[in-house]
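Note sheet for the following structure.
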Amino acid sequence: MNISGKTKVVGIFGYPIAHSLSPLLHNAAFEKLKMDFVYLPFLIKPPELKRAVQGIKALNLIGINVTVPHKQAIIPFLDELSPEASLIGAVNTVHHCQGKLIGYNTDGAGFIESLSQEGGFDPRGKRVLLLGAGGAASAITFSLVEKKVSELFIANRTFKKAQELVDRLKKTASSSCYLAPLKLGELSGTNLLPKIDLLINATSLGMFPEDPPPLSPHWLLSSLFYYDVVYNRRTQLLKAAADKQIRYLDGQEMLIHQAALSFNIWTNQKAPLRKMRRVIQENGKLKFPKRSRTTKRKDELKC
Ligand code: NAP
């Protein structure tokens, strides 16, 4: 990489940031296409976010990715939002274009593109059960509704958050999708699972080796497609899906496709997906910060 006075700068704002695979992905893509760009990680503490966003203009950065905990907090500091970022209520990509900062969300579209291109699965008309109701779940559900799934069940540890997500989807849903919130811990007592075509883990369970699966592997039935958005390790459910020879994808594919869409927004060029996948497979061993005690809750699942 030859940094010169003409090199264009993009990067990622997050806190923490050292574990991020995005610099690896994007710098490999720039190198492959011989583009004079560099992608840098920026450790931005929450109270510094506003000044950091002002810095995008001041430093003439081309754009940034946004990760935890800034995806929602950044919105008031931007000039415009794309329709999907506005619907989802979160931004993972900012483009500095003609003096304006425009916020996008490529997580949901990255999920859908990976599902169809890598998984060969068309969600239209399908019955979907999604576990989780946080940022990733929100982005994915808006894209699934847009793709006209027929039924979407959202199961979360905190029922209220599943209910709120369903309410937001109902307000914006232009399709006739049936939407229902559920409590994650009560799922196995229902007769829903055998009817599901696509099961998605969009909780953070599985990021750490000691995590229990969000659902018993018993429920990975051969008729369904399993997608786990966790990308730093193979979760128990992913291993079970592989053992049972059911169709599955892991979160690395969503990571690669959401990055490719950000790349396209900044550069107007198609990202080299194969190169990005190779670099992740070769170097993508992540070191996550230790789980903080405050994230443990009394009602954590026992499977
Ligand atoms: P988030 O907004 O913090 O949401 C976390 C979700 O996990 C919530 O639904 C939460 O339930 C649930 N959860 C956490 N601990 C749990 C536990 N012990 N038992 C049951 N449920 C639990 O996080 P996020 O940004 O959505 O990220 C979720 C996962 O998606 C992470 O693994 C992240 O790395 C991954 N992700 C992947 C990509 C990709 O490109 N592959 C992109 C974005 C995110 P409560 O509401 O009850 O707390």
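Ligands are numbered from 1 in the order shown, chains are lettered A, B, ... in the order of the structure tokens, and residues start at 1 in each chain.
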
Please provide the set of residues having any atom within 10 Å of Lys50 (chain A), restricted to only C-alpha atoms, with same-chain residues fewer than 4 positions apart removed, written as a list in words.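 Near neighbours after the sequence-gap exclusion: Ile44, Pro46, Gln54, Gly55, Ala73, Ile74, Pro76, Phe77 and Leu78 of chain A.
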
Those of region 61-294 of chain A in DSSP strand (DSSP E or B), formatted as a ChimeraX atom specification: /A:63-66,80-81,93-97,100-104,127-131,151-156,178-183,198-201,225-228,248-250

Pick the closest to His19 (chain A) from A:Trp266, A:Thr172, A:Thr141, A:Asn232: which is it, counting only C-alpha atoms?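 Among the listed residues, the smallest separation from His19 (chain A) belongs to A:Asn232.
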
In terms of the shortest atom-to-atom distance over only C-alpha atoms and all ligand atoms, which of A:Met35, A:Ile265, A:Ala162, A:Val149 is closest to ligand 1?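 Using only C-alpha atoms and all ligand atoms, ligand 1 sits closest to A:Ala162.
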
Mind checking which residues fall within 12 Å of Lys6 (chain A), counting only C-alpha atoms, ignoring those fewer than 6 positions away in the same chain, and posting them as a list in words?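 Once the nearby chain positions are removed, what remains is Met35, Asp36, Phe37, Val38, Asn60 and Leu61 of chain A.
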
What would the file look like if the residues just selected were written as an mmCIF file, in the first residue's frame with N, CA, C and O atoms?
```cif
data_model
loop_
_atom_site.group_PDB
_atom_site.id
_atom_site.type_symbol
_atom_site.label_atom_id
_atom_site.label_comp_id
_atom_site.auth_asym_id
_atom_site.auth_seq_id
_atom_site.Cartn_x
_atom_site.Cartn_y
_atom_site.Cartn_z
ATOM 1 N N MET A 35 -6.817 0.470 -5.966
ATOM 2 C CA MET A 35 -7.431 1.778 -5.724
ATOM 3 C C MET A 35 -6.633 2.525 -4.658
ATOM 4 O O MET A 35 -6.199 1.923 -3.672
ATOM 5 N N ASP A 36 -6.492 3.836 -4.846
ATOM 6 C CA ASP A 36 -5.689 4.638 -3.918
ATOM 7 C C ASP A 36 -6.553 5.087 -2.730
ATOM 8 O O ASP A 36 -6.872 6.261 -2.558
ATOM 9 N N PHE A 37 -6.960 4.086 -1.932
ATOM 10 C CA PHE A 37 -7.795 4.304 -0.750
ATOM 11 C C PHE A 37 -7.128 3.606 0.435
ATOM 12 O O PHE A 37 -6.438 2.598 0.254
ATOM 13 N N VAL A 38 -7.429 4.080 1.638
ATOM 14 C CA VAL A 38 -7.037 3.364 2.847
ATOM 15 C C VAL A 38 -8.202 3.397 3.839
ATOM 16 O O VAL A 38 -8.963 4.368 3.870
ATOM 17 N N ASN A 60 -12.066 15.725 5.472
ATOM 18 C CA ASN A 60 -12.408 15.333 4.101
ATOM 19 C C ASN A 60 -12.307 13.814 3.885
ATOM 20 O O ASN A 60 -11.785 13.346 2.881
ATOM 21 N N LEU A 61 -12.845 13.045 4.861
ATOM 22 C CA LEU A 61 -12.922 11.592 4.668
ATOM 23 C C LEU A 61 -13.991 11.308 3.614
ATOM 24 O O LEU A 61 -14.967 12.051 3.481
#
```

Pick from A:Pro209, A:Pro272, A:Gly14, A:Pro123 nearest to Val53 (chain A), counting only C-alpha atoms: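 Closest to Val53 (chain A) of all the choices is A:Gly14.
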
Mind listing the alpha helix (DSSP H) residues of region 128-235 of chain A, per DSSP on the backbone, as a PyMOL selection string? chain A and resi 135-146+159-172

For the selection just defined, write its residues with N, CA and C atoms to a file, as a short mmCIF file (atom, residue, chain, number, x, y, z; two decimals), in the first residue's frame.
```cif
data_model
loop_
_atom_site.label_atom_id
_atom_site.label_comp_id
_atom_site.auth_asym_id
_atom_site.auth_seq_id
_atom_site.Cartn_x
_atom_site.Cartn_y
_atom_site.Cartn_z
N GLY A 135 -30.16 -4.50 17.09
CA GLY A 135 -29.83 -3.77 15.87
C GLY A 135 -29.80 -4.66 14.64
N ALA A 136 -29.13 -5.82 14.72
CA ALA A 136 -29.03 -6.70 13.55
C ALA A 136 -30.41 -7.22 13.17
N ALA A 137 -31.18 -7.61 14.19
CA ALA A 137 -32.53 -8.14 13.95
C ALA A 137 -33.39 -7.09 13.25
N SER A 138 -33.29 -5.87 13.71
CA SER A 138 -34.10 -4.79 13.14
C SER A 138 -33.79 -4.62 11.65
N ALA A 139 -32.51 -4.53 11.30
CA ALA A 139 -32.12 -4.34 9.89
C ALA A 139 -32.61 -5.52 9.04
N ILE A 140 -32.43 -6.74 9.55
CA ILE A 140 -32.79 -7.94 8.78
C ILE A 140 -34.30 -8.02 8.58
N THR A 141 -35.07 -7.71 9.63
CA THR A 141 -36.53 -7.87 9.51
C THR A 141 -37.12 -6.88 8.51
N PHE A 142 -36.62 -5.63 8.49
CA PHE A 142 -37.15 -4.68 7.51
C PHE A 142 -36.87 -5.16 6.09
N SER A 143 -35.69 -5.74 5.87
CA SER A 143 -35.37 -6.25 4.53
C SER A 143 -36.21 -7.47 4.18
N LEU A 144 -36.48 -8.32 5.16
CA LEU A 144 -37.29 -9.52 4.89
C LEU A 144 -38.72 -9.14 4.52
N VAL A 145 -39.26 -8.14 5.22
CA VAL A 145 -40.62 -7.69 4.92
C VAL A 145 -40.66 -7.09 3.51
N GLU A 146 -39.63 -6.32 3.20
CA GLU A 146 -39.55 -5.74 1.86
C GLU A 146 -39.49 -6.83 0.78
N PHE A 159 -39.49 -9.75 25.80
CA PHE A 159 -40.65 -9.76 24.90
C PHE A 159 -40.99 -8.36 24.41
N LYS A 160 -40.89 -7.36 25.31
CA LYS A 160 -41.29 -5.98 24.98
C LYS A 160 -40.54 -5.49 23.72
N LYS A 161 -39.27 -5.87 23.61
CA LYS A 161 -38.50 -5.38 22.45
C LYS A 161 -38.97 -6.06 21.15
N ALA A 162 -39.38 -7.33 21.27
CA ALA A 162 -39.94 -8.02 20.08
C ALA A 162 -41.25 -7.34 19.68
N GLN A 163 -42.06 -7.02 20.69
CA GLN A 163 -43.34 -6.36 20.44
C GLN A 163 -43.12 -5.00 19.77
N GLU A 164 -42.14 -4.25 20.28
CA GLU A 164 -41.87 -2.92 19.72
C GLU A 164 -41.40 -3.02 18.27
N LEU A 165 -40.56 -4.02 17.99
CA LEU A 165 -40.06 -4.18 16.62
C LEU A 165 -41.22 -4.55 15.68
N VAL A 166 -42.09 -5.45 16.14
CA VAL A 166 -43.26 -5.81 15.33
C VAL A 166 -44.13 -4.58 15.09
N ASP A 167 -44.33 -3.76 16.11
CA ASP A 167 -45.16 -2.55 15.94
C ASP A 167 -44.55 -1.62 14.90
N ARG A 168 -43.22 -1.45 14.93
CA ARG A 168 -42.56 -0.57 13.95
C ARG A 168 -42.70 -1.14 12.54
N LEU A 169 -42.54 -2.47 12.44
CA LEU A 169 -42.66 -3.11 11.12
C LEU A 169 -44.08 -2.97 10.58
N LYS A 170 -45.07 -3.09 11.47
CA LYS A 170 -46.47 -3.00 11.02
C LYS A 170 -46.77 -1.61 10.48
N LYS A 171 -46.16 -0.60 11.09
CA LYS A 171 -46.41 0.78 10.64
C LYS A 171 -45.86 1.02 9.25
N THR A 172 -44.77 0.35 8.93
CA THR A 172 -44.10 0.64 7.67
C THR A 172 -44.33 -0.44 6.61
#
```

Length of the CA of Val66 (chain A) to CA of Pro213 (chain A) vector [Å]: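 Result for CA of Val66 (chain A) versus CA of Pro213 (chain A): 27.5 Å, one decimal.
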
A:Val279, A:Ala155, A:Val128, A:Cys177 ranked by distance to Thr190 (chain A), top pick (using only C-alpha atoms):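 Using only C-alpha atoms, Thr190 (chain A) sits closest to A:Ala155.
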
What does the distance between CA of Lys244 (chain A) and CA of Leu198 (chain A) come to in Å, to one decimal place?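 Interatomic distance here is 15.6 Å.
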
With a distance cut-off of 7 Å and only C-alpha atoms, select the neighbouring residues of region 97-110 of chain A, excluding the residue or stretch itself and same-chain residues fewer than 6 positions from it, and output the selection as a list in words.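 Residues meeting the cut-off are Leu78, Asp79, Glu80, Leu81, Ser82, Glu84, Ala85, Ala90, Val91, Ala139, Ile140, Ser143, Met254, His257, Gln258, Leu261 and Ser262 of chain A.
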
Selection: 9 Å around Val68 (chain A), only C-alpha atoms, excl. self and same-chain fewer than 5 positions, as a ChimeraX atom specification: /A:13-17

Restricted to N, CA and C atoms, what would the selected residues look like written as a CSV table (one decimal), in the first residue's frame?
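Output saved as out_6.csv:
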```csv
chain,number,residue,atom,x,y,z
A,13,PHE,N,-16.1,3.9,12.8
A,13,PHE,CA,-16.2,4.5,14.1
A,13,PHE,C,-16.8,3.4,15.0
A,14,GLY,N,-16.2,3.1,16.2
A,14,GLY,CA,-16.8,2.1,17.1
A,14,GLY,C,-16.1,2.2,18.4
A,15,TYR,N,-16.7,1.5,19.4
A,15,TYR,CA,-16.1,1.5,20.8
A,15,TYR,C,-16.6,0.3,21.5
A,16,PRO,N,-15.8,-0.8,21.6
A,16,PRO,CA,-14.4,-1.0,21.1
A,16,PRO,C,-14.3,-1.1,19.6
A,17,ILE,N,-13.1,-1.2,19.1
A,17,ILE,CA,-12.9,-1.3,17.6
A,17,ILE,C,-11.8,-2.3,17.2
```

Among the residues A:Phe111, A:Tyr226, A:Tyr178, A:Tyr248, the one that comes closest to ligand 1 [using only C-alpha atoms and all ligand atoms]: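 Of A:Phe111, A:Tyr226, A:Tyr178, A:Tyr248, the one nearest ligand 1 is A:Phe111, counting only C-alpha atoms and all ligand atoms.
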
Grab the atom 39 (C, counted along the ligand's line) of ligand 1 to CA of Phe121 (chain A) distance for me, in Å with one decimal place.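 These atoms are spaced 17.7 Å apart.
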
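With only C-alpha atoms and all ligand atoms as the basis for measurement, A:Lys71 is the residue among A:Lys57, A:Arg124, A:Lys34, A:Lys71 that approaches ligand 1 most closely.
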
Hey, what's within 9 Å of Leu193 (chain A) if we count only C-alpha atoms and toss same-chain stuff fewer than 6 positions away? As an MDAnalysis selection string, please? chainID A and resid 129 187 199 219:221

Next, dump the selected residues to file, keeping only N, CA, C and O atoms, as a PDB file, in the first residue's frame.
```
ATOM      1  N   LEU A 129     -38.661 -17.455  11.169  1.00  0.00           N
ATOM      2  CA  LEU A 129     -38.555 -17.223  12.614  1.00  0.00           C
ATOM      3  C   LEU A 129     -37.202 -16.593  12.874  1.00  0.00           C
ATOM      4  O   LEU A 129     -36.158 -17.169  12.550  1.00  0.00           O
ATOM      5  N   LEU A 187     -40.495 -20.547  23.198  1.00  0.00           N
ATOM      6  CA  LEU A 187     -40.636 -21.023  21.812  1.00  0.00           C
ATOM      7  C   LEU A 187     -40.857 -22.517  21.687  1.00  0.00           C
ATOM      8  O   LEU A 187     -41.712 -22.971  20.923  1.00  0.00           O
ATOM      9  N   LEU A 199     -34.798 -20.060   9.625  1.00  0.00           N
ATOM     10  CA  LEU A 199     -34.570 -19.746  11.045  1.00  0.00           C
ATOM     11  C   LEU A 199     -33.297 -18.907  11.126  1.00  0.00           C
ATOM     12  O   LEU A 199     -32.261 -19.291  10.567  1.00  0.00           O
ATOM     13  N   TRP A 219     -34.247 -28.514  17.440  1.00  0.00           N
ATOM     14  CA  TRP A 219     -35.222 -27.858  16.564  1.00  0.00           C
ATOM     15  C   TRP A 219     -34.663 -27.515  15.189  1.00  0.00           C
ATOM     16  O   TRP A 219     -35.354 -26.896  14.376  1.00  0.00           O
ATOM     17  N   LEU A 220     -33.417 -27.901  14.918  1.00  0.00           N
ATOM     18  CA  LEU A 220     -32.891 -27.694  13.564  1.00  0.00           C
ATOM     19  C   LEU A 220     -33.399 -28.831  12.676  1.00  0.00           C
ATOM     20  O   LEU A 220     -32.780 -29.884  12.573  1.00  0.00           O
ATOM     21  N   LEU A 221     -34.538 -28.599  12.068  1.00  0.00           N
ATOM     22  CA  LEU A 221     -35.179 -29.647  11.280  1.00  0.00           C
ATOM     23  C   LEU A 221     -34.665 -29.595   9.839  1.00  0.00           C
ATOM     24  O   LEU A 221     -34.295 -28.529   9.340  1.00  0.00           O
TER      25      LEU A 221
END
```
